[in-house]
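**Q** One file is attached below, model.tsv, containing TSV, N, CA and C atoms.
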```
chain	number	residue	atom	x	y	z
Y	1	MET	N	104.96	149.21	76.39
Y	1	MET	CA	104.68	149.62	75.03
Y	1	MET	C	104.89	151.13	74.91
Y	2	LYS	N	105.27	151.53	73.69
Y	2	LYS	CA	105.55	152.94	73.43
Y	2	LYS	C	104.88	153.38	72.13
Y	3	ASP	N	104.61	154.67	72.06
Y	3	ASP	CA	104.18	155.30	70.82
Y	3	ASP	C	105.40	156.01	70.26
Y	4	VAL	N	105.76	155.70	69.00
Y	4	VAL	CA	107.00	156.21	68.42
Y	4	VAL	C	106.67	157.21	67.32
Y	5	TYR	N	107.40	158.34	67.35
Y	5	TYR	CA	107.20	159.41	66.37
Y	5	TYR	C	108.54	159.80	65.76
Y	6	PHE	N	108.55	159.99	64.43
Y	6	PHE	CA	109.73	160.47	63.74
Y	6	PHE	C	109.88	161.97	63.93
Y	7	SER	N	111.13	162.43	63.93
Y	7	SER	CA	111.40	163.87	63.91
Y	7	SER	C	111.06	164.39	62.51
Y	8	PRO	N	110.92	165.70	62.34
Y	8	PRO	CA	110.60	166.23	61.01
Y	8	PRO	C	111.60	165.81	59.92
Y	9	ASP	N	112.88	165.73	60.27
Y	9	ASP	CA	113.88	165.33	59.27
Y	9	ASP	C	114.19	163.84	59.28
Y	10	LYS	N	113.48	163.08	60.11
Y	10	LYS	CA	113.60	161.62	60.23
Y	10	LYS	C	114.99	161.15	60.64
Y	11	SER	N	115.75	162.01	61.32
Y	11	SER	CA	117.07	161.62	61.78
Y	11	SER	C	117.02	160.97	63.17
Y	12	TYR	N	115.91	161.14	63.87
Y	12	TYR	CA	115.74	160.52	65.19
Y	12	TYR	C	114.27	160.27	65.43
Y	13	VAL	N	114.00	159.46	66.45
Y	13	VAL	CA	112.62	159.17	66.85
Y	13	VAL	C	112.47	159.51	68.33
Y	14	VAL	N	111.23	159.76	68.72
Y	14	VAL	CA	110.89	159.93	70.12
Y	14	VAL	C	109.86	158.86	70.44
Y	15	ALA	N	110.15	158.06	71.45
Y	15	ALA	CA	109.25	156.97	71.85
Y	15	ALA	C	108.70	157.29	73.23
Y	16	PHE	N	107.38	157.51	73.31
Y	16	PHE	CA	106.73	157.82	74.58
Y	16	PHE	C	106.11	156.57	75.16
Y	17	PHE	N	106.39	156.32	76.45
Y	17	PHE	CA	105.77	155.20	77.14
Y	17	PHE	C	104.28	155.47	77.28
Y	18	ARG	N	103.48	154.45	77.03
Y	18	ARG	CA	102.02	154.60	77.14
Y	18	ARG	C	101.58	154.66	78.59
Y	19	ASP	N	102.21	153.83	79.43
Y	19	ASP	CA	101.85	153.77	80.85
Y	19	ASP	C	102.82	154.60	81.67
Y	20	LYS	N	102.37	154.96	82.86
Y	20	LYS	CA	103.21	155.71	83.78
Y	20	LYS	C	104.42	154.86	84.16
Y	21	VAL	N	105.59	155.47	84.21
Y	21	VAL	CA	106.84	154.77	84.50
Y	21	VAL	C	107.16	154.94	85.98
Y	22	ASP	N	107.51	153.81	86.65
Y	22	ASP	CA	107.83	153.90	88.08
Y	22	ASP	C	109.25	154.46	88.28
Y	23	VAL	N	109.58	154.75	89.52
Y	23	VAL	CA	110.85	155.39	89.86
Y	23	VAL	C	112.05	154.54	89.45
Y	24	SER	N	112.00	153.24	89.70
Y	24	SER	CA	113.14	152.38	89.36
Y	24	SER	C	113.36	152.31	87.85
Y	25	THR	N	112.29	152.29	87.07
Y	25	THR	CA	112.42	152.29	85.61
Y	25	THR	C	113.02	153.60	85.14
Y	26	ARG	N	112.57	154.70	85.70
Y	26	ARG	CA	113.12	156.01	85.34
Y	26	ARG	C	114.62	156.08	85.65
Y	27	GLU	N	115.02	155.58	86.82
Y	27	GLU	CA	116.44	155.57	87.19
Y	27	GLU	C	117.25	154.71	86.23
Y	28	ARG	N	116.71	153.56	85.84
Y	28	ARG	CA	117.39	152.67	84.89
Y	28	ARG	C	117.56	153.35	83.53
Y	29	LEU	N	116.52	154.04	83.07
Y	29	LEU	CA	116.59	154.74	81.79
Y	29	LEU	C	117.60	155.88	81.85
Y	30	ASP	N	117.67	156.58	82.99
Y	30	ASP	CA	118.66	157.65	83.14
Y	30	ASP	C	120.08	157.09	83.08
Y	31	LEU	N	120.30	155.90	83.63
Y	31	LEU	CA	121.61	155.25	83.52
Y	31	LEU	C	121.93	154.87	82.08
Y	32	ILE	N	120.93	154.37	81.37
Y	32	ILE	CA	121.13	153.94	79.98
Y	32	ILE	C	121.53	155.11	79.10
Y	33	VAL	N	120.85	156.24	79.24
Y	33	VAL	CA	121.17	157.40	78.39
Y	33	VAL	C	122.31	158.24	78.95
Y	34	GLY	N	122.73	157.97	80.16
Y	34	GLY	CA	123.80	158.73	80.80
Y	34	GLY	C	125.09	157.94	80.89
Y	35	ARG	N	125.32	157.36	82.05
Y	35	ARG	CA	126.59	156.70	82.34
Y	35	ARG	C	126.90	155.54	81.38
Y	36	TYR	N	125.92	154.68	81.10
Y	36	TYR	CA	126.18	153.54	80.20
Y	36	TYR	C	126.50	154.00	78.79
Y	37	ARG	N	125.74	154.97	78.31
Y	37	ARG	CA	125.98	155.51	76.96
Y	37	ARG	C	127.38	156.11	76.87
Y	38	ASP	N	127.74	156.91	77.86
Y	38	ASP	CA	129.07	157.51	77.87
Y	38	ASP	C	130.16	156.46	77.89
Y	39	GLY	N	129.96	155.41	78.68
Y	39	GLY	CA	130.95	154.34	78.79
Y	39	GLY	C	131.16	153.59	77.49
Y	40	ILE	N	130.15	153.55	76.65
Y	40	ILE	CA	130.27	152.84	75.37
Y	40	ILE	C	130.77	153.76	74.26
Y	41	PHE	N	130.13	154.90	74.09
Y	41	PHE	CA	130.39	155.75	72.92
Y	41	PHE	C	131.48	156.79	73.12
Y	42	ASN	N	131.77	157.18	74.34
Y	42	ASN	CA	132.77	158.23	74.57
Y	42	ASN	C	134.09	157.65	75.05
Y	43	GLN	N	134.48	156.55	74.44
Y	43	GLN	CA	135.77	155.93	74.73
Y	43	GLN	C	136.49	155.70	73.40
Y	44	THR	N	137.72	155.30	73.45
Y	44	THR	CA	138.45	154.98	72.24
Y	44	THR	C	137.73	153.84	71.52
Y	45	GLY	N	137.45	154.03	70.26
Y	45	GLY	CA	136.73	153.02	69.48
Y	45	GLY	C	135.21	153.11	69.61
Y	46	GLY	N	134.73	154.07	70.36
Y	46	GLY	CA	133.29	154.21	70.57
Y	46	GLY	C	132.51	154.50	69.30
Y	47	GLU	N	133.14	155.15	68.35
Y	47	GLU	CA	132.46	155.48	67.09
Y	47	GLU	C	132.03	154.22	66.34
Y	48	TYR	N	132.78	153.15	66.49
Y	48	TYR	CA	132.46	151.88	65.84
Y	48	TYR	C	131.05	151.42	66.22
Y	49	TRP	N	130.69	151.56	67.49
Y	49	TRP	CA	129.41	151.06	67.99
Y	49	TRP	C	128.23	151.88	67.47
Y	50	ARG	N	128.45	153.12	67.05
Y	50	ARG	CA	127.35	153.95	66.52
Y	50	ARG	C	126.73	153.36	65.26
Y	51	SER	N	127.54	152.65	64.47
Y	51	SER	CA	127.01	152.04	63.25
Y	51	SER	C	126.23	150.77	63.53
Y	52	LEU	N	126.35	150.23	64.76
Y	52	LEU	CA	125.69	148.97	65.10
Y	52	LEU	C	124.46	149.14	65.97
Y	53	TYR	N	124.42	150.20	66.78
Y	53	TYR	CA	123.34	150.37	67.74
Y	53	TYR	C	122.72	151.76	67.62
Y	54	CYS	N	121.42	151.81	67.76
Y	54	CYS	CA	120.70	153.09	67.82
Y	54	CYS	C	120.34	153.34	69.29
Y	55	TRP	N	121.36	153.55	70.07
Y	55	TRP	CA	121.24	153.70	71.52
Y	55	TRP	C	120.53	155.01	71.85
Y	56	PRO	N	119.59	154.99	72.78
Y	56	PRO	CA	118.89	156.23	73.16
Y	56	PRO	C	119.86	157.31	73.62
Y	57	THR	N	119.57	158.56	73.28
Y	57	THR	CA	120.46	159.67	73.60
Y	57	THR	C	120.01	160.46	74.82
Y	58	LYS	N	118.69	160.50	75.07
Y	58	LYS	CA	118.21	161.23	76.24
Y	58	LYS	C	116.77	160.85	76.53
Y	59	THR	N	116.33	161.23	77.72
Y	59	THR	CA	114.92	161.08	78.10
Y	59	THR	C	114.30	162.47	78.10
Y	60	LEU	N	112.98	162.50	77.98
Y	60	LEU	CA	112.27	163.77	78.06
Y	60	LEU	C	110.88	163.52	78.61
Y	61	LYS	N	110.26	164.57	79.05
Y	61	LYS	CA	108.90	164.47	79.55
Y	61	LYS	C	108.04	165.48	78.78
Y	62	TYR	N	106.90	165.00	78.29
Y	62	TYR	CA	106.01	165.85	77.52
Y	62	TYR	C	104.57	165.48	77.88
Y	63	GLN	N	103.83	166.45	78.32
Y	63	GLN	CA	102.43	166.26	78.72
Y	63	GLN	C	102.29	165.08	79.70
Y	64	GLY	N	103.22	165.02	80.65
Y	64	GLY	CA	103.16	164.00	81.68
Y	64	GLY	C	103.63	162.62	81.27
Y	65	ARG	N	104.10	162.45	80.04
Y	65	ARG	CA	104.57	161.15	79.57
Y	65	ARG	C	106.09	161.17	79.41
Y	66	LEU	N	106.72	160.06	79.80
Y	66	LEU	CA	108.16	159.92	79.65
Y	66	LEU	C	108.47	159.43	78.24
Y	67	GLY	N	109.49	160.03	77.63
Y	67	GLY	CA	109.90	159.62	76.30
Y	67	GLY	C	111.39	159.39	76.20
Y	68	LEU	N	111.78	158.61	75.24
Y	68	LEU	CA	113.19	158.36	74.92
Y	68	LEU	C	113.47	158.89	73.53
Y	69	VAL	N	114.61	159.52	73.35
Y	69	VAL	CA	115.04	159.99	72.04
Y	69	VAL	C	116.15	159.06	71.57
Y	70	ALA	N	116.04	158.58	70.33
Y	70	ALA	CA	117.05	157.68	69.77
Y	70	ALA	C	117.21	157.98	68.29
Y	71	PRO	N	118.43	157.78	67.76
Y	71	PRO	CA	118.63	157.99	66.31
Y	71	PRO	C	117.86	156.94	65.52
Y	72	THR	N	117.50	157.27	64.29
Y	72	THR	CA	116.84	156.27	63.44
Y	72	THR	C	117.89	155.31	62.90
Y	73	TYR	N	117.43	154.17	62.43
Y	73	TYR	CA	118.34	153.18	61.90
Y	73	TYR	C	118.99	153.69	60.60
Y	74	PRO	N	120.30	153.44	60.44
Y	74	PRO	CA	120.96	153.79	59.17
Y	74	PRO	C	120.47	152.88	58.04
Y	75	GLU	N	120.81	153.24	56.82
Y	75	GLU	CA	120.35	152.51	55.63
Y	75	GLU	C	120.70	151.03	55.65
Y	76	HIS	N	121.87	150.68	56.21
Y	76	HIS	CA	122.29	149.27	56.14
Y	76	HIS	C	121.44	148.36	57.03
Y	77	PHE	N	120.49	148.88	57.77
Y	77	PHE	CA	119.57	148.06	58.56
Y	77	PHE	C	118.37	147.61	57.72
Y	78	PHE	N	118.26	148.09	56.49
Y	78	PHE	CA	117.10	147.82	55.64
Y	78	PHE	C	117.53	147.13	54.35
Y	79	PHE	N	116.63	146.31	53.79
Y	79	PHE	CA	116.93	145.65	52.53
Y	79	PHE	C	116.96	146.67	51.40
Y	80	LYS	N	118.04	146.60	50.63
Y	80	LYS	CA	118.19	147.49	49.48
Y	80	LYS	C	117.58	146.88	48.22
Y	81	HIS	N	117.76	145.58	48.06
Y	81	HIS	CA	117.28	144.89	46.85
Y	81	HIS	C	116.07	144.00	47.11
Y	82	GLY	N	115.92	143.53	48.34
Y	82	GLY	CA	114.77	142.70	48.69
Y	82	GLY	C	114.92	141.25	48.31
Y	83	SER	N	113.82	140.67	47.89
Y	83	SER	CA	113.82	139.25	47.54
Y	83	SER	C	114.02	139.07	46.04
Y	84	CYS	N	114.23	137.82	45.64
Y	84	CYS	CA	114.44	137.54	44.22
Y	84	CYS	C	113.15	137.75	43.43
Y	85	ASN	N	113.25	137.64	42.13
Y	85	ASN	CA	112.12	137.84	41.22
Y	85	ASN	C	111.49	139.22	41.39
Y	86	ASN	N	112.38	140.24	41.34
Y	86	ASN	CA	111.94	141.63	41.44
Y	86	ASN	C	111.18	141.90	42.74
Y	87	ASP	N	111.72	141.40	43.83
Y	87	ASP	CA	111.17	141.58	45.18
Y	87	ASP	C	109.76	141.02	45.31
Y	88	ALA	N	109.62	139.77	44.93
Y	88	ALA	CA	108.31	139.09	44.97
Y	88	ALA	C	107.72	139.05	46.39
Y	89	PHE	N	108.57	139.03	47.42
Y	89	PHE	CA	108.07	138.97	48.80
Y	89	PHE	C	107.84	140.35	49.41
Y	90	GLY	N	108.15	141.40	48.66
Y	90	GLY	CA	107.88	142.76	49.12
Y	90	GLY	C	108.66	143.20	50.35
Y	91	ILE	N	109.94	142.81	50.43
Y	91	ILE	CA	110.72	143.19	51.60
Y	91	ILE	C	111.70	144.34	51.33
Y	92	ARG	N	111.79	144.80	50.10
Y	92	ARG	CA	112.67	145.92	49.78
Y	92	ARG	C	112.29	147.13	50.65
Y	93	GLY	N	113.30	147.71	51.29
Y	93	GLY	CA	113.05	148.87	52.15
Y	93	GLY	C	112.64	148.51	53.57
Y	94	LYS	N	112.35	147.26	53.83
Y	94	LYS	CA	111.95	146.83	55.18
Y	94	LYS	C	113.20	146.47	55.98
Y	95	ASP	N	113.05	146.44	57.32
Y	95	ASP	CA	114.21	146.14	58.16
Y	95	ASP	C	114.61	144.68	58.03
Y	96	LYS	N	115.93	144.47	58.11
Y	96	LYS	CA	116.48	143.12	58.00
Y	96	LYS	C	116.22	142.37	59.29
Y	97	GLU	N	115.50	141.28	59.16
Y	97	GLU	CA	115.21	140.43	60.31
Y	97	GLU	C	116.06	139.17	60.19
Y	98	GLY	N	116.44	138.64	61.34
Y	98	GLY	CA	117.30	137.46	61.37
Y	98	GLY	C	116.75	136.27	60.63
Y	99	LYS	N	115.42	136.14	60.57
Y	99	LYS	CA	114.82	134.96	59.93
Y	99	LYS	C	115.21	134.84	58.46
Y	100	TRP	N	115.49	135.95	57.80
Y	100	TRP	CA	115.85	135.90	56.38
Y	100	TRP	C	117.25	135.33	56.18
Y	101	PHE	N	118.08	135.39	57.21
Y	101	PHE	CA	119.47	134.94	57.10
Y	101	PHE	C	119.71	133.61	57.81
Y	102	ALA	N	118.97	133.34	58.87
Y	102	ALA	CA	119.17	132.13	59.66
Y	102	ALA	C	118.56	130.89	59.01
Y	103	ASN	N	117.50	131.06	58.27
Y	103	ASN	CA	116.82	129.95	57.64
Y	103	ASN	C	117.41	129.75	56.23
Y	104	PRO	N	118.07	128.61	55.96
Y	104	PRO	CA	118.69	128.40	54.65
Y	104	PRO	C	117.70	128.51	53.49
Y	105	SER	N	116.48	128.08	53.69
Y	105	SER	CA	115.49	128.18	52.62
Y	105	SER	C	115.21	129.64	52.26
Y	106	HIS	N	115.03	130.47	53.28
Y	106	HIS	CA	114.81	131.90	53.04
Y	106	HIS	C	116.04	132.52	52.39
Y	107	ARG	N	117.18	132.20	52.95
Y	107	ARG	CA	118.41	132.85	52.52
Y	107	ARG	C	118.75	132.52	51.07
Y	108	PHE	N	118.69	131.26	50.70
Y	108	PHE	CA	119.14	130.86	49.37
Y	108	PHE	C	118.05	130.84	48.31
Y	109	HIS	N	116.80	130.75	48.70
Y	109	HIS	CA	115.73	130.64	47.71
Y	109	HIS	C	114.85	131.88	47.63
Y	110	VAL	N	114.93	132.74	48.63
Y	110	VAL	CA	114.05	133.91	48.66
Y	110	VAL	C	114.83	135.21	48.50
Y	111	LEU	N	115.91	135.37	49.27
Y	111	LEU	CA	116.66	136.63	49.23
Y	111	LEU	C	117.35	136.84	47.90
Y	112	ASP	N	117.37	138.07	47.45
Y	112	ASP	CA	118.16	138.46	46.29
Y	112	ASP	C	119.62	138.15	46.62
Y	113	SER	N	120.38	137.66	45.68
Y	113	SER	CA	121.77	137.26	45.93
Y	113	SER	C	122.62	138.41	46.46
Y	114	ARG	N	122.26	139.64	46.13
Y	114	ARG	CA	123.02	140.80	46.62
Y	114	ARG	C	122.77	141.09	48.09
Y	115	GLU	N	121.76	140.47	48.68
Y	115	GLU	CA	121.44	140.67	50.10
Y	115	GLU	C	122.06	139.61	51.01
Y	116	ARG	N	122.49	138.51	50.44
Y	116	ARG	CA	122.90	137.34	51.23
Y	116	ARG	C	124.19	137.50	52.00
Y	117	GLY	N	125.14	138.22	51.47
Y	117	GLY	CA	126.46	138.26	52.08
Y	117	GLY	C	127.29	137.07	51.62
Y	118	ASP	N	128.51	136.99	52.12
Y	118	ASP	CA	129.39	135.88	51.76
Y	118	ASP	C	130.24	135.53	52.98
Y	119	TRP	N	131.08	134.49	52.83
Y	119	TRP	CA	131.87	134.03	53.98
Y	119	TRP	C	132.82	135.10	54.48
Y	120	ARG	N	133.36	135.90	53.58
Y	120	ARG	CA	134.27	136.99	53.99
Y	120	ARG	C	133.55	137.98	54.90
Y	121	THR	N	132.34	138.34	54.53
Y	121	THR	CA	131.54	139.25	55.34
Y	121	THR	C	131.21	138.62	56.69
Y	122	PHE	N	130.82	137.36	56.68
Y	122	PHE	CA	130.48	136.68	57.93
Y	122	PHE	C	131.69	136.61	58.87
Y	123	LEU	N	132.86	136.30	58.31
Y	123	LEU	CA	134.07	136.23	59.12
Y	123	LEU	C	134.39	137.59	59.73
Y	124	ARG	N	134.26	138.65	58.93
Y	124	ARG	CA	134.52	140.01	59.42
Y	124	ARG	C	133.57	140.35	60.57
Y	125	ILE	N	132.31	139.99	60.44
Y	125	ILE	CA	131.32	140.24	61.50
Y	125	ILE	C	131.72	139.50	62.77
Y	126	CYS	N	132.11	138.24	62.63
Y	126	CYS	CA	132.50	137.45	63.80
Y	126	CYS	C	133.73	138.03	64.49
Y	127	ILE	N	134.71	138.46	63.72
Y	127	ILE	CA	135.93	139.02	64.32
Y	127	ILE	C	135.63	140.33	65.01
Y	128	ASN	N	134.80	141.16	64.42
Y	128	ASN	CA	134.49	142.48	65.00
Y	128	ASN	C	133.59	142.41	66.21
Y	129	GLN	N	132.83	141.34	66.35
Y	129	GLN	CA	131.92	141.24	67.49
Y	129	GLN	C	132.67	140.66	68.63
```
Reformat the file's structure so that it appears as structure tokens.

**A**
Amino acid sequence: MKDVYFSPDKSYVVAFFRDKVDVSTRERLDLIVGRYRDGIFNQTGGEYWRSLYCWPTKTLKYQGRLGLVAPTYPEHFFFKHGSCNNDAFGIRGKDKEGKWFANPSHRFHVLDSRERGDWRTFLRICINQ
């Protein structure tokens, strides 16, 4: 578990582990923010993945606690219009969870039609993934 804090300008977050992190976990995190990150984002086409993942950028230590720095989610990760009937379910501005799209009842009877997507969008997602 982590305690997460926004930066003053809300462009990134810092997540501090609550418990002490062992050596193997620290090494794994260093690989994630180092070699693995470079292998994904610093290659041809790497910019594409930045719009899909909020991959941690670095680790830090503050007052004896290990933390991870990661960018905040872009706007397209959140509902813009929410649910139908003037956002009756109160999801406008909240993060998009798979349950709203995977369940036909939620998707067709609850989500605002502007949030649902269409076959063209779904096909584009499948081809790009």

**Q** So the first atom is atom N of Y:Leu31 and the second is atom CA of Y:Cys126; what is the distance between them in Å, to one decimal place?

**A**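 Here the two named atoms are 29.7 Å from each other.
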
**Q** For atom N of Y:Ser11 and atom N of Y:Gly34, determine how far apart the two atoms are, in Å to one decimal place.

**A**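 Computing the Euclidean distance for atom N of Y:Ser11 and atom N of Y:Gly34 yields 20.5 Å.
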
**Q** Quick one: distance from atom CA of Y:Cys84 to atom CA of Y:Gly98 in Å, one decimal?

**A** 17.4 Å

**Q** Given only C-alpha atoms as the basis, pick out the residue of Y:Asp19, Y:Glu115, Y:Glu47, Y:Asp30 nearest to Y:Phe78.

**A**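 Of Y:Asp19, Y:Glu115, Y:Glu47, Y:Asp30, the one nearest Y:Phe78, counting only C-alpha atoms, is Y:Glu115.
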
**Q** Within 9 Å of stretch 56-60 of chain Y, counting only C-alpha atoms, which residues show up once you throw out same-chain ones fewer than 3 positions away? Write them as a ChimeraX atom specification, please.

**A** /Y:14,16,29-30,32-34,37,65-71

**Q** Just want the 8 Å neighbourhood of Y:Ser113, counted on all atoms listed in the file, with same-chain residues fewer than 2 positions away dropped. Output as a list in words.

**A**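 The neighbour list is His81, Gly82, Ser83, Cys84, Asn85, Arg107, Phe108, Val110, Leu111, Glu115, Arg116 and Gly117 of chain Y.
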
**Q** Those same residues - N, CA and C atoms - I'd like them written as a PDB file, in the frame of the given file.

**A**
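Saved the output as part08.pdb:
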```pdb
ATOM      1  N   HIS Y  81     117.760 145.580  48.060  1.00  0.00           N
ATOM      2  CA  HIS Y  81     117.280 144.890  46.850  1.00  0.00           C
ATOM      3  C   HIS Y  81     116.070 144.000  47.110  1.00  0.00           C
ATOM      4  N   GLY Y  82     115.920 143.530  48.340  1.00  0.00           N
ATOM      5  CA  GLY Y  82     114.770 142.700  48.690  1.00  0.00           C
ATOM      6  C   GLY Y  82     114.920 141.250  48.310  1.00  0.00           C
ATOM      7  N   SER Y  83     113.820 140.670  47.890  1.00  0.00           N
ATOM      8  CA  SER Y  83     113.820 139.250  47.540  1.00  0.00           C
ATOM      9  C   SER Y  83     114.020 139.070  46.040  1.00  0.00           C
ATOM     10  N   CYS Y  84     114.230 137.820  45.640  1.00  0.00           N
ATOM     11  CA  CYS Y  84     114.440 137.540  44.220  1.00  0.00           C
ATOM     12  C   CYS Y  84     113.150 137.750  43.430  1.00  0.00           C
ATOM     13  N   ASN Y  85     113.250 137.640  42.130  1.00  0.00           N
ATOM     14  CA  ASN Y  85     112.120 137.840  41.220  1.00  0.00           C
ATOM     15  C   ASN Y  85     111.490 139.220  41.390  1.00  0.00           C
ATOM     16  N   ARG Y 107     117.180 132.200  52.950  1.00  0.00           N
ATOM     17  CA  ARG Y 107     118.410 132.850  52.520  1.00  0.00           C
ATOM     18  C   ARG Y 107     118.750 132.520  51.070  1.00  0.00           C
ATOM     19  N   PHE Y 108     118.690 131.260  50.700  1.00  0.00           N
ATOM     20  CA  PHE Y 108     119.140 130.860  49.370  1.00  0.00           C
ATOM     21  C   PHE Y 108     118.050 130.840  48.310  1.00  0.00           C
ATOM     22  N   VAL Y 110     114.930 132.740  48.630  1.00  0.00           N
ATOM     23  CA  VAL Y 110     114.050 133.910  48.660  1.00  0.00           C
ATOM     24  C   VAL Y 110     114.830 135.210  48.500  1.00  0.00           C
ATOM     25  N   LEU Y 111     115.910 135.370  49.270  1.00  0.00           N
ATOM     26  CA  LEU Y 111     116.660 136.630  49.230  1.00  0.00           C
ATOM     27  C   LEU Y 111     117.350 136.840  47.900  1.00  0.00           C
ATOM     28  N   GLU Y 115     121.760 140.470  48.680  1.00  0.00           N
ATOM     29  CA  GLU Y 115     121.440 140.670  50.100  1.00  0.00           C
ATOM     30  C   GLU Y 115     122.060 139.610  51.010  1.00  0.00           C
ATOM     31  N   ARG Y 116     122.490 138.510  50.440  1.00  0.00           N
ATOM     32  CA  ARG Y 116     122.900 137.340  51.230  1.00  0.00           C
ATOM     33  C   ARG Y 116     124.190 137.500  52.000  1.00  0.00           C
ATOM     34  N   GLY Y 117     125.140 138.220  51.470  1.00  0.00           N
ATOM     35  CA  GLY Y 117     126.460 138.260  52.080  1.00  0.00           C
ATOM     36  C   GLY Y 117     127.290 137.070  51.620  1.00  0.00           C
TER      37      GLY Y 117
END
```

**Q** Ranking Y:Phe101, Y:Gly64, Y:Tyr5, Y:Lys94 by minimum distance to Y:Lys20 and counting only N, CA and C atoms, which one comes first?

**A**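 Comparing Y:Phe101, Y:Gly64, Y:Tyr5, Y:Lys94 against Y:Lys20, the winner is Y:Gly64.
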
**Q** Could you tell me, as a ChimeraX atom specification, which residues of stretch 20-68 of chain Y DSSP assigns to strand (DSSP E or B) when given the backbone?

**A** /Y:58-62,65-68
